[in-house]
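Enquirer: Sharing a structure here in structure tokens format.
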Number of protein chains: 2
Amino acid sequence: MSEQLKNALGYVEKERNSLLSELKEIIAIESVSTDPAYTPEIEKAAEWLKKKLASIGIDNVQILPTGGHPVVYGEYLAAGPDAETMIVYGHYDVQPADPVEKWTTPAFDAQERDGNLYGRGTSDMKGQLMAAVFAIEAMLKYGDLPINIKFMIEGEEENTSPSLFAFLEENKDLLASDFALNSDAGMAEVDLPTITYGMRGLLSCEIHVQGPGKDLHSGLYGGAVRNPIHELARLIGKIHDENGRITLPGFYDKVRDLDDEEREALARLPIDEKNVLAGTGAPEFWGEAGYSFVERVGARPAIDINGIFGGYTGAGTKTVLPAEAHAKLTMRLVPDQDPDEVLEQLKRFLDENIYGSNTWSLDFKDGATACTSGRDSNGVRAMQKAFESVWGMEPVFYRSGGSIPAVGYMQEVLGVESVLTGFSRPDDNVHSPNEKLHLETWYKGIDTFIHFLHNMAGS
Amino acid sequence: MSEQLKNALGYVEKERNSLLSELKEIIAIESVSTDPAYTPEIEKAAEWLKKKLASIGIDNVQILPTGGHPVVYGEYLAAGPDAETMIVYGHYDVQPADPVEKWTTPAFDAQERDGNLYGRGTSDMKGQLMAAVFAIEAMLKYGDLPINIKFMIEGEEENTSPSLFAFLEENKDLLASDFALNSDAGMAEVDLPTITYGMRGLLSCEIHVQGPGKDLHSGLYGGAVRNPIHELARLIGKIHDENGRITLPGFYDKVRDLDDEEREALARLPIDEKNVLAGTGAPEFWGEAGYSFVERVGARPAIDINGIFGGYTGAGTKTVLPAEAHAKLTMRLVPDQDPDEVLEQLKRFLDENIYGSNTWSLDFKDGATACTSGRDSNGVRAMQKAFESVWGMEPVFYRSGGSIPAVGYMQEVLGVESVLTGFSRPDDNVHSPNEKLHLETWYKGIDTFIHFLHNMAGS
């Protein structure tokens, strides 16, 4: 073991408490990207990261504007023009804390319990981002890095990265690199080292159904005027058929089928579906007939209503026949679905199914295609070896159901593939109340990244 | 014309502005009954009425407790034991002002525009209640009344009167009387004097659908765990069939059919359906096939979702697969449907239709049967004559789609039928933003009640 590697690992071991304190600092910044009310906190998080990167020896640290929330950029180019250049991708924004009342301790006041750190963003992904930052910090303390690094840390991932594509196009030269490290992908199972090679795409929109021109008294008009809540509900009820298949016209036409080889590989993954089910609290799985859990979330598309509202939602009863009803919808897309085409399919579905006396409209938010990465590159090999050193086992290759628009965008604009991994666990309650980070897993994660950086020297 | 009648009418004419100022005072009290946050305002409204009734010569004015919001009671018994005794029923509570942002001027700061007074409760029913109070005030200024009066003004009508039945049973002797005057029923058309002889019953409840045990990441689980918003929506979508009929098992078994005579009478009502439709802002009517608008709202049952919510409803996107979804549901019932039986039908419908991996639960709030009143009594005749005197035309007899639980309860507990009328108009936006009261109609309403009181002398 090289001196630098040994010292870097020793540094993390010795400084566990101070690294944890720093993580708590950035967790405390309420950088919710989807709600404009939190914009000052977004700016605070970017400033915090700028300061941190500069303090560990990263050069040219800047907060770069985008059409939305800014990107934190910084570079380490001391490895020279002959070495590979890696983008460290991350996001400093988080999901809203809602429903706030379901948190045991406050979402933005990270607290330790039973070996976990509870708080919004602990797992997704401030903890994962800081694992990479701390690994680089530790290595730089005892020597140089064998590769060049460019940080690109965005603030809109939890809001489907609406500004990132244009940002990449505008900063193509600045960001030129060989591959990306993305620790936002997580582990397929508790304690299962995982390299993710596929992620689903994302389409998000809001559907509005308009009924009467104004709210009406449900006694005086009920049964004689079509209630838009009923119509929106009926439409949502028709999105899936009795086999769990999506009924949008042409929806499956471009869905790339799993071949036998991949189905067998996915079936061999050491994922205990009973365990996964227990973690959800649902009595049974549900979905497209003929596919396993791993296939459904990794390789098949899905539509979810993430929020619905209409009429009176306060305490008690209000006998109103409302004018409008609304649903927030996201789709998870797989190769080779095209977000633009799928959006047209949704519009056609609404046109063909809506009842005559109600009308629909749709606010399209964003779309990103699904993507898969090669499993054979210097970066992937260095990560495989790092997992073997720290965890004593080879990582599995997994297709995740989640979406990181940046992965596809970087591939398209920069021609850069991502090494997708991370140390979040399926029981971390990401996007949910009581999000947490398992601390032993996290410390091992920092060690894994240290080994990975070290391994890149031999590549 | 008697001196008392002439003077009372003259008083209203002369005091228009001061009566309007007093009405604005009670409108300004935010007596929303459904939301506990407004309880202090409820108490304020009851106190205001107590003071007002005492000031016009009503005796024994009291604020009587109930299981919920109090009843304002007061009596005038000077007509003696041989005269008829009339309950003046009313409610001082109002619907919530939501959606607040759709009001042109603040809901609780009543303002005049184009001959209307805009504000929550102007039409439903603080304006209607005060029309009766002011008529009694005017008559008492110039003499005695030919009948005894007992005021019973409740504070929970807009919340389905959950405490009233028990209150009536406990105060049966105090409230003993011959008939009730209820000005909460309104006009079937603009400028159409109306006596209502039927109202629909009401059942209200909240339906909850539970999916997974906690909110999940919709990327990591979407397409593999049943989303309770989709399931709640599918259930709501199944409540009506393609002919607008309700699919609850046995729902129509006890619905009393309209006979030919009544259908003909309802068809002859001078109600312009085109005009009614224009007032709703809906492009067309919808409902149970084979029935007219007047029949659908007056004599056929209805189910409306008054509010729906689940998942993330804030700004932007949150990619969550929520644990729960909720709907507020009310039904309008007709003779001879029984609320308890219909509740069981709803539960059976949910049991038979819900998808296995989601579960439902239901909070029952209240139920009241539909009711019809006789069209031949002293009270009805005195009201008919009053309309003829003030409006120059006979009133129509109408079945309203609304519900006033008190009407059925008073019939059942006190053996008292109601003379149902009022001066609210179909374009008054009751239960909606920009609720209003047409002032000329209201002043004529006060005059009508003065004539009515006068006519009771000859009965």
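Each chain of the structure tokens is named A, B, ... in the order shown, its residues numbered from 1; ligands are numbered from 1 in display order.
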Extract, using only C-alpha atoms, all DNA, RNA and protein residues at most 10 Å from Gly57 in chain A, discarding same-chain residues fewer than 2 positions from it, and format them as a ChimeraX atom specification.

Expert: /A:52-55,59-61,74-76,136-137,140-141

Enquirer: When you look at Ile149 in chain B with a cut-off of 7 Å (counting only C-alpha atoms), what residues show up, excluding the ones that are within fewer than 3 positions of it in the same chain? I need them as a tab-separated table (two decimals) with N, CA and C atoms, in the first residue's frame.

Expert:
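This is the output file around.tsv:
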```
chain	number	residue	atom	x	y	z
B	75	GLU	N	-87.21	34.28	22.28
B	75	GLU	CA	-88.63	34.02	22.06
B	75	GLU	C	-89.45	35.29	22.15
B	76	TYR	N	-90.55	35.26	21.44
B	76	TYR	CA	-91.58	36.30	21.54
B	76	TYR	C	-92.88	35.53	21.73
B	77	LEU	N	-93.44	35.59	22.95
B	77	LEU	CA	-94.61	34.76	23.23
B	77	LEU	C	-95.86	35.60	23.53
B	85	THR	N	-97.32	29.20	16.96
B	85	THR	CA	-95.93	29.50	17.30
B	85	THR	C	-95.02	29.07	16.14
B	86	MET	N	-94.17	29.98	15.71
B	86	MET	CA	-93.29	29.73	14.57
B	86	MET	C	-91.82	29.75	15.01
B	87	ILE	N	-91.08	28.72	14.63
B	87	ILE	CA	-89.63	28.76	14.82
B	87	ILE	C	-89.02	29.52	13.63
B	88	VAL	N	-88.22	30.53	13.93
B	88	VAL	CA	-87.42	31.14	12.87
B	88	VAL	C	-86.07	30.43	12.89
```

Enquirer: Which of these residues is nearest to chain B, using only C-alpha atoms: A:Glu341, A:Glu13, A:Glu273, A:Glu22?

Expert: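 Closest candidate: A:Glu273.
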
Enquirer: What's the 9 Å shell around Gly379 in chain B, counting only C-alpha atoms, without same-chain residues fewer than 4 positions away, as a PyMOL selection string?

Expert: chain B and resi 86+179-181+383-384+418-419+452+455-456+459

Enquirer: For chain A, which residue out of B:Arg425, B:His208, B:Lys6, B:His217 is the nearest one, using only C-alpha atoms?

Expert: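 Of all the options, B:His217 lies closest to chain A.
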
Enquirer: DSSP says helix (DSSP H, G or I) for which residues of range 192-270 of chain B? Put them as a VMD selection string?

Expert: chain B and resid 218 to 221 228 to 237 260 to 268

Enquirer: Choose the residue, out of A:Asn243, A:Glu261, A:Ala327, A:Arg268, that has the smallest atom-to-atom separation from Glu288 in chain A; count only C-alpha atoms.

Expert: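 Counting only C-alpha atoms, the residue closest to Glu288 in chain A is A:Asn243.
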
Enquirer: Rounded to one decimal, what separation in Å do you get between CA of Phe423 in chain B and CA of Met187 in chain B?

Expert: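 The value is 5.9 Å.
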
Enquirer: Dump as JSON lines the rows for residues of range 133-221 of chain A within 12 Å of range 434-447 of chain B: closest atom pair and distance in Å with one decimal, only C-alpha atoms counted, ordered by chain and rising residue number.

Expert:
```
{"residue": "A:Lys214", "atom": "CA", "partner": "B:Asn434", "partner_atom": "CA", "distance": 9.9}
{"residue": "A:Asp215", "atom": "CA", "partner": "B:Asn434", "partner_atom": "CA", "distance": 10.1}
{"residue": "A:Leu216", "atom": "CA", "partner": "B:Glu435", "partner_atom": "CA", "distance": 10.6}
{"residue": "A:His217", "atom": "CA", "partner": "B:Glu435", "partner_atom": "CA", "distance": 10.9}
```

Enquirer: Going by DSSP on the backbone, which bits of range 341-455 of chain B are strand (DSSP E)? Write them as a compact mmCIF listing (two decimals) with C-alpha atoms, in the first residue's frame, please.

Expert:
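states_16.txt, written as the output of this step:
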```
# COMPACT_ATOMS: atom_id res chain seq x y z
CA THR B 359 -56.39 -0.55 1.52
CA TRP B 360 -59.18 1.95 2.22
CA SER B 361 -60.60 3.48 5.35
CA LEU B 362 -63.44 5.92 5.77
CA ASP B 363 -64.30 8.66 8.27
CA PHE B 364 -68.04 9.09 8.35
CA LYS B 365 -69.04 12.64 9.24
CA ASP B 366 -72.79 13.03 9.02
CA GLY B 367 -75.94 11.94 7.32
CA ALA B 368 -79.36 13.52 6.95
CA CYS B 371 -87.39 15.74 3.07
CA THR B 372 -90.48 17.17 1.46
CA VAL B 396 -93.54 28.58 -7.79
CA PHE B 397 -93.17 25.35 -5.82
CA TYR B 398 -89.67 23.94 -6.26
CA ARG B 399 -87.54 20.98 -5.22
CA SER B 400 -84.05 22.19 -4.38
CA GLU B 417 -92.81 21.29 8.96
CA SER B 418 -90.84 24.15 7.40
CA VAL B 419 -91.94 26.93 5.12
CA LEU B 420 -88.84 27.01 2.94
CA LYS B 436 -73.01 38.19 -3.36
CA LEU B 437 -76.46 39.41 -2.41
CA HIS B 438 -78.63 41.34 -4.86
```

Enquirer: From the options A:Phe151, A:Tyr89, A:Tyr38, A:Tyr142, which residue's atoms come nearest to chain B, counting only C-alpha atoms?

Expert: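 Selected residue with least distance to chain B: A:Tyr38.
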